[in-house]
Amino acid sequence: MATTPARRPVSSPRELTRIGDRVSFLYLERCVVHREDNAITATDESGVRYIPSATIGVLLLGPGTRVTHQAMSVLGESGAGVVWVGEQGVRYYAGGRALTRSAGLVEAQATAWANRRHRLEVAREMYRLRFPDADPAGMTRRELLGGEGTRVKEVYRAEAARTGVRWVRRTYDPGDFAAGDAPNQAVTAAAQCLYGVAHSVVVALGCSPSLGFVHSGHERSFVLDVADLYKVEFGIPAAFDAAAEGAEDVAGQTRRALRERIRAGRLLERVVADVRGLLAPYRQTGTDGADGQDGPDGPDAPEEDVVLLHDDHDSLLPGGRNRGAGAVR
């Protein structure tokens with residue numbers, strides 16, 4: 001008779017690696033992913049590799065991978081994003097849980113998103129992050145979108161000139177990755193990796209992937225917003241470098257080139273800082289930290305889950321108490 005494995009204790013936020021200190025992404029294919037203690041294992045015909053789960057930002061599972069329930073359990077508890085990608089990384093699916101125990105950032109995100117003026121302010125600030133030489137003050141949404149499109153086209157042309165890669169235009173067919181030429185395939189592969197990294201940080205910080213300030217209506221609108229902040233600096237140059245090498249596996253070469261750029265540029269730390277900076281003006285005072293470890297008072301702040309209740313006067317009451325008439329309090 002099969003027995004249920006013993007339940008391992010869930011790691012507290014203070015025991016986990018901060019999201020900014022993790023490996024940006026790890027890509028696996030054609031292997032079985034399982035769990036051993038608090039590590040995951042990747043087994044294929046060449047042997048077994050052990051990977052500490054708490055050091056991964058996002059795990060990309062490519063074709064031919066199988067993952068066990070126990071492996072997903074430890075990845076979820078560690079706050080690692082998990083992305084299933086199809087052939088050549090075209091299809092995308094993600095999951096994970098927040099490292100923070102606070103709702104401070106997602107409440108700030110919802111506050112900014114729900115106000116039309118604030119939503120535009122955040123979109124303008126995102127434009128400043130993407131293009132530091134620009135001053136988007138007073139720009140409308142249409143002007144922001146038009147300026148973004150023009151600047152990205154200029155970046156494509158500049159990268160083509162730098163690397164000597166022939167570039168016509170950006171074309172992408174989600175159903176047929178091979179239909180694009182080498183630079184377009186590389187740009188697509190780089191975008192998928194950046195989406196995975198952005199999703200892992202957004203979820204780890206406790207934010208909502210769907211409440212976007214530039215993108216809208218998609219389950220990952222905010223993820224797309226965040227990933228686009230680094231497309232020009234990280235994604236497009238890595239893609240053109242890979243295409244210039246003429247590698248047969250341009251998607252794999254792009255992932256390797258991008259991972260090195262992410263490591264050298266300490267991108268995970270930047271994403272954490274940028275998301276918190278974008279939402280900081282809309283945070284209520286007294287909320288816990290949202291970096292996965294420290295609260296407002298530093299590393300010695302309480303790490304227990306805090307559940308509060310709204311009352312009729314917009315005050316907060318402790319949860320876990322019976323407030324019915326005649327109840328013992």
# chains A, B, ... in the order shown; residues from 1 in each chain; ligands from 1
>>> residues_around(residues="A:Arg220", least_positions_apart="6", cutoff="12 Å", atoms="only C-alpha atoms", output="compact mmCIF listing (two decimals) with all heavy atoms, in the first residue's frame")
# COMPACT_ATOMS: atom_id res chain seq x y z
N TYR A 92 3.37 29.85 -23.02
CA TYR A 92 3.77 30.33 -21.70
C TYR A 92 2.69 30.03 -20.67
O TYR A 92 1.51 30.23 -20.92
CB TYR A 92 3.98 31.85 -21.80
CG TYR A 92 4.37 32.53 -20.50
CD1 TYR A 92 5.70 32.83 -20.24
CD2 TYR A 92 3.41 32.90 -19.57
CE1 TYR A 92 6.06 33.47 -19.08
CE2 TYR A 92 3.77 33.53 -18.39
CZ TYR A 92 5.10 33.82 -18.16
OH TYR A 92 5.45 34.45 -17.00
N TYR A 93 3.14 29.52 -19.49
CA TYR A 93 2.24 29.34 -18.36
C TYR A 93 3.06 29.49 -17.10
O TYR A 93 4.20 29.04 -17.05
CB TYR A 93 1.59 27.96 -18.37
CG TYR A 93 0.71 27.71 -17.16
CD1 TYR A 93 -0.57 28.23 -17.11
CD2 TYR A 93 1.19 27.00 -16.08
CE1 TYR A 93 -1.37 28.03 -16.00
CE2 TYR A 93 0.40 26.79 -14.97
CZ TYR A 93 -0.88 27.32 -14.93
OH TYR A 93 -1.66 27.13 -13.82
N ALA A 94 2.52 30.17 -16.06
CA ALA A 94 3.34 30.44 -14.89
C ALA A 94 2.57 30.25 -13.60
O ALA A 94 1.34 30.28 -13.59
CB ALA A 94 3.88 31.88 -14.93
N GLY A 95 3.30 30.06 -12.50
CA GLY A 95 2.69 29.93 -11.18
C GLY A 95 3.70 30.24 -10.11
O GLY A 95 4.88 30.43 -10.39
N TYR A 195 9.59 37.83 -19.69
CA TYR A 195 8.25 37.65 -19.10
C TYR A 195 8.33 36.74 -17.88
O TYR A 195 7.68 36.98 -16.86
CB TYR A 195 7.28 37.06 -20.12
CG TYR A 195 6.97 37.95 -21.30
CD1 TYR A 195 6.57 37.42 -22.51
CD2 TYR A 195 7.10 39.34 -21.20
CE1 TYR A 195 6.28 38.23 -23.59
CE2 TYR A 195 6.82 40.15 -22.29
CZ TYR A 195 6.41 39.60 -23.49
OH TYR A 195 6.13 40.40 -24.56
N GLY A 196 9.10 35.66 -18.00
CA GLY A 196 9.23 34.75 -16.87
C GLY A 196 9.88 35.41 -15.67
O GLY A 196 9.42 35.26 -14.53
N ALA A 198 10.02 38.66 -15.00
CA ALA A 198 9.11 39.68 -14.47
C ALA A 198 7.98 39.04 -13.67
O ALA A 198 7.61 39.53 -12.60
CB ALA A 198 8.55 40.53 -15.62
N HIS A 199 7.44 37.92 -14.19
CA HIS A 199 6.34 37.26 -13.49
C HIS A 199 6.80 36.75 -12.13
O HIS A 199 6.08 36.89 -11.13
CB HIS A 199 5.80 36.11 -14.33
CG HIS A 199 4.44 35.64 -13.91
ND1 HIS A 199 3.39 35.53 -14.79
CD2 HIS A 199 3.94 35.27 -12.71
CE1 HIS A 199 2.31 35.13 -14.14
NE2 HIS A 199 2.63 34.95 -12.88
N SER A 200 7.99 36.19 -12.07
CA SER A 200 8.46 35.64 -10.80
C SER A 200 8.62 36.74 -9.76
O SER A 200 8.29 36.55 -8.58
CB SER A 200 9.78 34.90 -10.99
OG SER A 200 10.84 35.79 -11.31
N VAL A 202 7.07 39.81 -9.78
CA VAL A 202 5.75 40.38 -9.48
C VAL A 202 5.02 39.51 -8.47
O VAL A 202 4.46 40.00 -7.48
CB VAL A 202 4.92 40.53 -10.78
CG1 VAL A 202 3.44 40.77 -10.46
CG2 VAL A 202 5.47 41.67 -11.62
N VAL A 203 5.03 38.19 -8.69
CA VAL A 203 4.34 37.28 -7.77
C VAL A 203 5.05 37.23 -6.43
O VAL A 203 4.42 37.23 -5.36
CB VAL A 203 4.23 35.88 -8.40
CG1 VAL A 203 3.69 34.87 -7.39
CG2 VAL A 203 3.34 35.92 -9.63
N CYS A 207 2.35 41.23 -5.72
CA CYS A 207 1.55 42.08 -6.61
C CYS A 207 0.62 41.24 -7.48
O CYS A 207 0.78 40.02 -7.59
CB CYS A 207 2.46 42.93 -7.49
SG CYS A 207 3.46 44.12 -6.59
N SER A 208 -0.32 41.91 -8.11
CA SER A 208 -1.23 41.23 -9.03
C SER A 208 -0.65 41.25 -10.44
O SER A 208 -0.35 42.33 -10.97
CB SER A 208 -2.59 41.93 -9.04
OG SER A 208 -3.38 41.46 -10.12
N PRO A 209 -0.48 40.09 -11.08
CA PRO A 209 0.03 40.08 -12.45
C PRO A 209 -0.91 40.76 -13.44
O PRO A 209 -0.48 41.17 -14.52
CB PRO A 209 0.16 38.58 -12.77
CG PRO A 209 0.22 37.90 -11.44
CD PRO A 209 -0.65 38.73 -10.53
N SER A 210 -2.19 40.89 -13.12
CA SER A 210 -3.17 41.32 -14.11
C SER A 210 -3.48 42.82 -14.11
O SER A 210 -4.03 43.32 -15.09
CB SER A 210 -4.48 40.55 -13.91
OG SER A 210 -4.99 40.77 -12.61
N LEU A 211 -3.13 43.56 -13.05
CA LEU A 211 -3.47 44.98 -12.99
C LEU A 211 -2.35 45.81 -13.60
O LEU A 211 -1.44 46.27 -12.91
CB LEU A 211 -3.74 45.40 -11.54
CG LEU A 211 -4.93 44.74 -10.85
CD1 LEU A 211 -5.11 45.32 -9.45
CD2 LEU A 211 -6.20 44.91 -11.66
N GLY A 212 -2.41 46.00 -14.91
CA GLY A 212 -1.37 46.73 -15.62
C GLY A 212 -1.67 48.21 -15.75
O GLY A 212 -2.82 48.64 -15.64
N PHE A 213 -0.62 48.97 -16.03
CA PHE A 213 -0.75 50.42 -16.18
C PHE A 213 -0.55 50.86 -17.63
O PHE A 213 -1.01 51.92 -18.01
CB PHE A 213 0.27 51.12 -15.28
CG PHE A 213 0.03 50.84 -13.83
CD1 PHE A 213 0.65 49.76 -13.20
CD2 PHE A 213 -0.83 51.62 -13.08
CE1 PHE A 213 0.42 49.49 -11.86
CE2 PHE A 213 -1.07 51.35 -11.75
CZ PHE A 213 -0.45 50.28 -11.13
N VAL A 214 0.12 50.05 -18.41
CA VAL A 214 0.24 50.29 -19.85
C VAL A 214 -0.59 49.24 -20.60
O VAL A 214 -1.44 49.58 -21.41
CB VAL A 214 1.71 50.23 -20.31
CG1 VAL A 214 1.81 50.41 -21.82
CG2 VAL A 214 2.53 51.31 -19.59
N VAL A 226 6.13 45.30 -16.71
CA VAL A 226 7.43 45.23 -16.04
C VAL A 226 8.50 44.69 -16.99
O VAL A 226 9.61 45.23 -17.07
CB VAL A 226 7.34 44.38 -14.77
CG1 VAL A 226 8.72 44.17 -14.15
CG2 VAL A 226 6.39 45.02 -13.76
N ALA A 227 8.18 43.65 -17.73
CA ALA A 227 9.16 43.08 -18.66
C ALA A 227 9.59 44.09 -19.70
O ALA A 227 10.78 44.15 -20.08
CB ALA A 227 8.57 41.83 -19.33
>>> residues_around(residues="A:Phe234", least_positions_apart="3", cutoff="10 Å", atoms="only C-alpha atoms", output="list in words")
Ala190, Ala191, Leu194, Asp228, Leu229, Tyr230, Lys231, Pro237, Ala238, Ala239, Ala257, Leu258, Arg259, Glu260, Arg261, Ile262, Gly265 and Leu267 of chain A
>>> write_last_selection(atoms="N, CA, C and O atoms", output="PDB file, in the first residue's frame")
ATOM      1  N   ALA A 190      13.946  36.009 -26.256  1.00  0.00           N
ATOM      2  CA  ALA A 190      14.348  36.933 -25.197  1.00  0.00           C
ATOM      3  C   ALA A 190      13.133  37.479 -24.462  1.00  0.00           C
ATOM      4  O   ALA A 190      13.139  37.608 -23.235  1.00  0.00           O
ATOM      5  N   ALA A 191      12.081  37.789 -25.209  1.00  0.00           N
ATOM      6  CA  ALA A 191      10.865  38.322 -24.577  1.00  0.00           C
ATOM      7  C   ALA A 191      10.257  37.310 -23.623  1.00  0.00           C
ATOM      8  O   ALA A 191       9.830  37.662 -22.512  1.00  0.00           O
ATOM      9  N   LEU A 194      12.213  37.273 -20.396  1.00  0.00           N
ATOM     10  CA  LEU A 194      11.946  38.460 -19.592  1.00  0.00           C
ATOM     11  C   LEU A 194      10.564  38.395 -18.962  1.00  0.00           C
ATOM     12  O   LEU A 194      10.363  38.843 -17.829  1.00  0.00           O
ATOM     13  N   ASP A 228       8.663  44.911 -20.172  1.00  0.00           N
ATOM     14  CA  ASP A 228       8.993  45.893 -21.202  1.00  0.00           C
ATOM     15  C   ASP A 228       9.974  46.950 -20.709  1.00  0.00           C
ATOM     16  O   ASP A 228      10.645  47.595 -21.523  1.00  0.00           O
ATOM     17  N   LEU A 229      10.081  47.138 -19.399  1.00  0.00           N
ATOM     18  CA  LEU A 229      11.016  48.123 -18.870  1.00  0.00           C
ATOM     19  C   LEU A 229      12.455  47.789 -19.244  1.00  0.00           C
ATOM     20  O   LEU A 229      13.309  48.681 -19.311  1.00  0.00           O
ATOM     21  N   TYR A 230      12.732  46.509 -19.499  1.00  0.00           N
ATOM     22  CA  TYR A 230      14.114  46.065 -19.696  1.00  0.00           C
ATOM     23  C   TYR A 230      14.344  45.468 -21.082  1.00  0.00           C
ATOM     24  O   TYR A 230      15.411  44.929 -21.349  1.00  0.00           O
ATOM     25  N   LYS A 231      13.352  45.576 -21.931  1.00  0.00           N
ATOM     26  CA  LYS A 231      13.479  44.999 -23.269  1.00  0.00           C
ATOM     27  C   LYS A 231      14.611  45.659 -24.058  1.00  0.00           C
ATOM     28  O   LYS A 231      15.433  44.982 -24.692  1.00  0.00           O
ATOM     29  N   PRO A 237      19.358  43.632 -27.253  1.00  0.00           N
ATOM     30  CA  PRO A 237      20.790  43.414 -27.538  1.00  0.00           C
ATOM     31  C   PRO A 237      21.202  41.950 -27.453  1.00  0.00           C
ATOM     32  O   PRO A 237      21.985  41.465 -28.293  1.00  0.00           O
ATOM     33  N   ALA A 238      20.690  41.217 -26.454  1.00  0.00           N
ATOM     34  CA  ALA A 238      21.024  39.798 -26.346  1.00  0.00           C
ATOM     35  C   ALA A 238      20.516  39.031 -27.555  1.00  0.00           C
ATOM     36  O   ALA A 238      21.195  38.121 -28.069  1.00  0.00           O
ATOM     37  N   ALA A 239      19.339  39.383 -28.040  1.00  0.00           N
ATOM     38  CA  ALA A 239      18.769  38.694 -29.200  1.00  0.00           C
ATOM     39  C   ALA A 239      19.615  38.923 -30.448  1.00  0.00           C
ATOM     40  O   ALA A 239      19.896  37.980 -31.209  1.00  0.00           O
ATOM     41  N   ALA A 257      22.815  34.123 -23.689  1.00  0.00           N
ATOM     42  CA  ALA A 257      23.313  35.499 -23.762  1.00  0.00           C
ATOM     43  C   ALA A 257      22.535  36.415 -22.818  1.00  0.00           C
ATOM     44  O   ALA A 257      23.117  37.271 -22.133  1.00  0.00           O
ATOM     45  N   LEU A 258      21.215  36.225 -22.767  1.00  0.00           N
ATOM     46  CA  LEU A 258      20.388  37.068 -21.910  1.00  0.00           C
ATOM     47  C   LEU A 258      20.658  36.790 -20.441  1.00  0.00           C
ATOM     48  O   LEU A 258      20.719  37.723 -19.622  1.00  0.00           O
ATOM     49  N   ARG A 259      20.833  35.520 -20.082  1.00  0.00           N
ATOM     50  CA  ARG A 259      21.101  35.184 -18.686  1.00  0.00           C
ATOM     51  C   ARG A 259      22.387  35.848 -18.211  1.00  0.00           C
ATOM     52  O   ARG A 259      22.468  36.327 -17.079  1.00  0.00           O
ATOM     53  N   GLU A 260      23.404  35.892 -19.059  1.00  0.00           N
ATOM     54  CA  GLU A 260      24.652  36.538 -18.688  1.00  0.00           C
ATOM     55  C   GLU A 260      24.460  38.040 -18.508  1.00  0.00           C
ATOM     56  O   GLU A 260      24.992  38.643 -17.573  1.00  0.00           O
ATOM     57  N   ARG A 261      23.675  38.644 -19.380  1.00  0.00           N
ATOM     58  CA  ARG A 261      23.395  40.079 -19.240  1.00  0.00           C
ATOM     59  C   ARG A 261      22.609  40.363 -17.959  1.00  0.00           C
ATOM     60  O   ARG A 261      22.857  41.361 -17.268  1.00  0.00           O
ATOM     61  N   ILE A 262      21.655  39.498 -17.659  1.00  0.00           N
ATOM     62  CA  ILE A 262      20.858  39.676 -16.444  1.00  0.00           C
ATOM     63  C   ILE A 262      21.744  39.570 -15.206  1.00  0.00           C
ATOM     64  O   ILE A 262      21.616  40.351 -14.261  1.00  0.00           O
ATOM     65  N   GLY A 265      24.073  42.648 -15.019  1.00  0.00           N
ATOM     66  CA  GLY A 265      23.331  43.866 -14.716  1.00  0.00           C
ATOM     67  C   GLY A 265      22.527  43.797 -13.438  1.00  0.00           C
ATOM     68  O   GLY A 265      21.816  44.755 -13.117  1.00  0.00           O
ATOM     69  N   LEU A 267      19.802  42.309 -12.678  1.00  0.00           N
ATOM     70  CA  LEU A 267      18.456  42.728 -13.070  1.00  0.00           C
ATOM     71  C   LEU A 267      17.408  42.439 -12.005  1.00  0.00           C
ATOM     72  O   LEU A 267      16.499  43.250 -11.790  1.00  0.00           O
TER      73      LEU A 267
END
>>> residues_around(residues="stretch 148-163 of chain A", least_positions_apart="2", cutoff="10 Å", atoms="only C-alpha atoms", output="list in words")
Tyr127, Arg130, Phe131, Arg142, Glu143, Leu144, Leu145, Gly146, Val165, Arg166, Trp167, Val168, Arg169, Arg170, Pro183, Val187, Lys231, Val232, Glu233, Ile236, Pro237, Ala238, Ala239, Phe240, Asp241, Ala242, Ala243, Ala244 and Glu245 of chain A
>>> select_by_dssp(residues="stretch 84-303 of chain A", states="strand (DSSP E or B)", output="list in words")
Trp84, Val85, Tyr92, Tyr93, Ala94, Gly95, Gly295 and Gly298 of chain A
>>> write_last_selection(atoms="C-alpha atoms", output="compact mmCIF listing (two decimals), in the first residue's frame")
# COMPACT_ATOMS: atom_id res chain seq x y z
CA TRP A 84 5.96 25.88 -18.91
CA VAL A 85 7.21 26.84 -22.37
CA TYR A 92 3.77 30.33 -21.70
CA TYR A 93 2.24 29.34 -18.36
CA ALA A 94 3.34 30.44 -14.89
CA GLY A 95 2.69 29.93 -11.18
CA GLY A 295 9.37 44.53 7.49
CA GLY A 298 14.32 45.76 9.37
>>> residues_around(residues="A:Arg22", least_positions_apart="3", cutoff="10 Å", atoms="only C-alpha atoms", output="list of chain:residue names")
A:Thr17, A:Arg18, A:Ile19, A:Phe25, A:Ser53, A:Ala54, A:Thr55, A:Ile56, A:Gly57, A:Val58, A:Ala80, A:Arg263, A:Arg266, A:Leu268, A:Glu269
>>> write_last_selection(atoms="N, CA and C atoms", output="PDB file, in the first residue's frame")
ATOM      1  N   THR A  17      15.901  32.775   0.208  1.00  0.00           N
ATOM      2  CA  THR A  17      16.775  33.721  -0.474  1.00  0.00           C
ATOM      3  C   THR A  17      15.953  34.880  -1.013  1.00  0.00           C
ATOM      4  N   ARG A  18      16.413  36.099  -0.797  1.00  0.00           N
ATOM      5  CA  ARG A  18      15.712  37.260  -1.312  1.00  0.00           C
ATOM      6  C   ARG A  18      15.614  37.165  -2.824  1.00  0.00           C
ATOM      7  N   ILE A  19      14.514  37.654  -3.376  1.00  0.00           N
ATOM      8  CA  ILE A  19      14.297  37.515  -4.818  1.00  0.00           C
ATOM      9  C   ILE A  19      15.395  38.204  -5.612  1.00  0.00           C
ATOM     10  N   PHE A  25      16.853  32.959 -14.153  1.00  0.00           N
ATOM     11  CA  PHE A  25      16.005  31.882 -14.662  1.00  0.00           C
ATOM     12  C   PHE A  25      16.861  30.672 -14.977  1.00  0.00           C
ATOM     13  N   SER A  53      16.058  24.924  -4.453  1.00  0.00           N
ATOM     14  CA  SER A  53      14.854  25.571  -4.974  1.00  0.00           C
ATOM     15  C   SER A  53      14.771  27.045  -4.607  1.00  0.00           C
ATOM     16  N   ALA A  54      15.301  27.408  -3.451  1.00  0.00           N
ATOM     17  CA  ALA A  54      15.176  28.784  -2.980  1.00  0.00           C
ATOM     18  C   ALA A  54      16.133  29.742  -3.671  1.00  0.00           C
ATOM     19  N   THR A  55      16.987  29.233  -4.574  1.00  0.00           N
ATOM     20  CA  THR A  55      17.911  30.108  -5.292  1.00  0.00           C
ATOM     21  C   THR A  55      17.419  30.441  -6.688  1.00  0.00           C
ATOM     22  N   ILE A  56      16.253  29.937  -7.067  1.00  0.00           N
ATOM     23  CA  ILE A  56      15.750  30.114  -8.436  1.00  0.00           C
ATOM     24  C   ILE A  56      14.738  31.249  -8.476  1.00  0.00           C
ATOM     25  N   GLY A  57      14.913  32.147  -9.430  1.00  0.00           N
ATOM     26  CA  GLY A  57      13.894  33.160  -9.659  1.00  0.00           C
ATOM     27  C   GLY A  57      12.709  32.570 -10.392  1.00  0.00           C
ATOM     28  N   VAL A  58      12.981  31.961 -11.538  1.00  0.00           N
ATOM     29  CA  VAL A  58      11.923  31.313 -12.311  1.00  0.00           C
ATOM     30  C   VAL A  58      12.512  30.091 -13.009  1.00  0.00           C
ATOM     31  N   ALA A  80       9.405  30.396  -5.987  1.00  0.00           N
ATOM     32  CA  ALA A  80       9.974  30.382  -7.332  1.00  0.00           C
ATOM     33  C   ALA A  80       8.853  30.386  -8.361  1.00  0.00           C
ATOM     34  N   ARG A 263      22.656  38.592 -15.220  1.00  0.00           N
ATOM     35  CA  ARG A 263      23.561  38.427 -14.072  1.00  0.00           C
ATOM     36  C   ARG A 263      24.467  39.642 -13.929  1.00  0.00           C
ATOM     37  N   ARG A 266      22.610  42.677 -12.711  1.00  0.00           N
ATOM     38  CA  ARG A 266      21.862  42.489 -11.459  1.00  0.00           C
ATOM     39  C   ARG A 266      20.398  42.893 -11.641  1.00  0.00           C
ATOM     40  N   LEU A 268      17.503  41.287 -11.326  1.00  0.00           N
ATOM     41  CA  LEU A 268      16.482  40.961 -10.336  1.00  0.00           C
ATOM     42  C   LEU A 268      16.410  42.032  -9.249  1.00  0.00           C
ATOM     43  N   GLU A 269      17.557  42.510  -8.796  1.00  0.00           N
ATOM     44  CA  GLU A 269      17.553  43.577  -7.794  1.00  0.00           C
ATOM     45  C   GLU A 269      16.878  44.825  -8.347  1.00  0.00           C
TER      46      GLU A 269
END
>>> closest_residue(among="A:Ala264, A:Leu99, A:Ala189, A:Leu26", to="A:Ser78", atoms="only C-alpha atoms")
A:Leu99
>>> residues_around(residues="A:Arg128", least_positions_apart="4", cutoff="12 Å", atoms="only C-alpha atoms", output="MDAnalysis selection string")
chainID A and resid 121:124 132:137 139 144 147:148 229:230 274 278
>>> select_by_dssp(residues="stretch 193-262 of chain A", states="helix (DSSP H, G or I)", output="ChimeraX atom specification")
/A:193-204,221-228,231-245,250-262
>>> atom_distance(atom1="atom CA of A:Glu77", atom2="atom CA of A:Gly235")
29.1 Å
>>> decode(residues="stretch 179-218 of chain A", atoms="C-alpha atoms", output="mmCIF file, in the first residue's frame")
data_model
loop_
_atom_site.group_PDB
_atom_site.id
_atom_site.type_symbol
_atom_site.label_atom_id
_atom_site.label_comp_id
_atom_site.auth_asym_id
_atom_site.auth_seq_id
_atom_site.Cartn_x
_atom_site.Cartn_y
_atom_site.Cartn_z
ATOM 1 C CA ALA A 179 8.185 31.234 -39.627
ATOM 2 C CA GLY A 180 10.278 34.144 -38.382
ATOM 3 C CA ASP A 181 13.864 34.826 -39.414
ATOM 4 C CA ALA A 182 16.728 34.362 -36.955
ATOM 5 C CA PRO A 183 16.627 37.841 -35.353
ATOM 6 C CA ASN A 184 12.860 37.663 -34.916
ATOM 7 C CA GLN A 185 13.123 34.226 -33.336
ATOM 8 C CA ALA A 186 15.807 35.563 -31.000
ATOM 9 C CA VAL A 187 13.711 38.602 -30.009
ATOM 10 C CA THR A 188 10.773 36.289 -29.267
ATOM 11 C CA ALA A 189 12.933 33.979 -27.132
ATOM 12 C CA ALA A 190 14.348 36.933 -25.197
ATOM 13 C CA ALA A 191 10.865 38.322 -24.577
ATOM 14 C CA GLN A 192 9.642 35.009 -23.155
ATOM 15 C CA CYS A 193 12.562 34.885 -20.725
ATOM 16 C CA LEU A 194 11.946 38.460 -19.592
ATOM 17 C CA TYR A 195 8.253 37.655 -19.102
ATOM 18 C CA GLY A 196 9.234 34.748 -16.872
ATOM 19 C CA VAL A 197 11.644 36.854 -14.809
ATOM 20 C CA ALA A 198 9.108 39.683 -14.472
ATOM 21 C CA HIS A 199 6.341 37.262 -13.491
ATOM 22 C CA SER A 200 8.463 35.641 -10.798
ATOM 23 C CA VAL A 201 9.304 39.012 -9.217
ATOM 24 C CA VAL A 202 5.748 40.375 -9.482
ATOM 25 C CA VAL A 203 4.343 37.283 -7.769
ATOM 26 C CA ALA A 204 7.143 37.106 -5.190
ATOM 27 C CA LEU A 205 6.428 40.702 -4.157
ATOM 28 C CA GLY A 206 2.754 39.893 -3.714
ATOM 29 C CA CYS A 207 1.553 42.081 -6.607
ATOM 30 C CA SER A 208 -1.233 41.233 -9.030
ATOM 31 C CA PRO A 209 0.025 40.080 -12.451
ATOM 32 C CA SER A 210 -3.175 41.323 -14.109
ATOM 33 C CA LEU A 211 -3.474 44.979 -12.992
ATOM 34 C CA GLY A 212 -1.373 46.726 -15.623
ATOM 35 C CA PHE A 213 -0.747 50.417 -16.178
ATOM 36 C CA VAL A 214 0.239 50.286 -19.855
ATOM 37 C CA HIS A 215 -1.163 46.898 -20.856
ATOM 38 C CA SER A 216 -4.742 46.026 -19.959
ATOM 39 C CA GLY A 217 -7.249 43.205 -20.142
ATOM 40 C CA HIS A 218 -4.746 40.344 -19.946
#
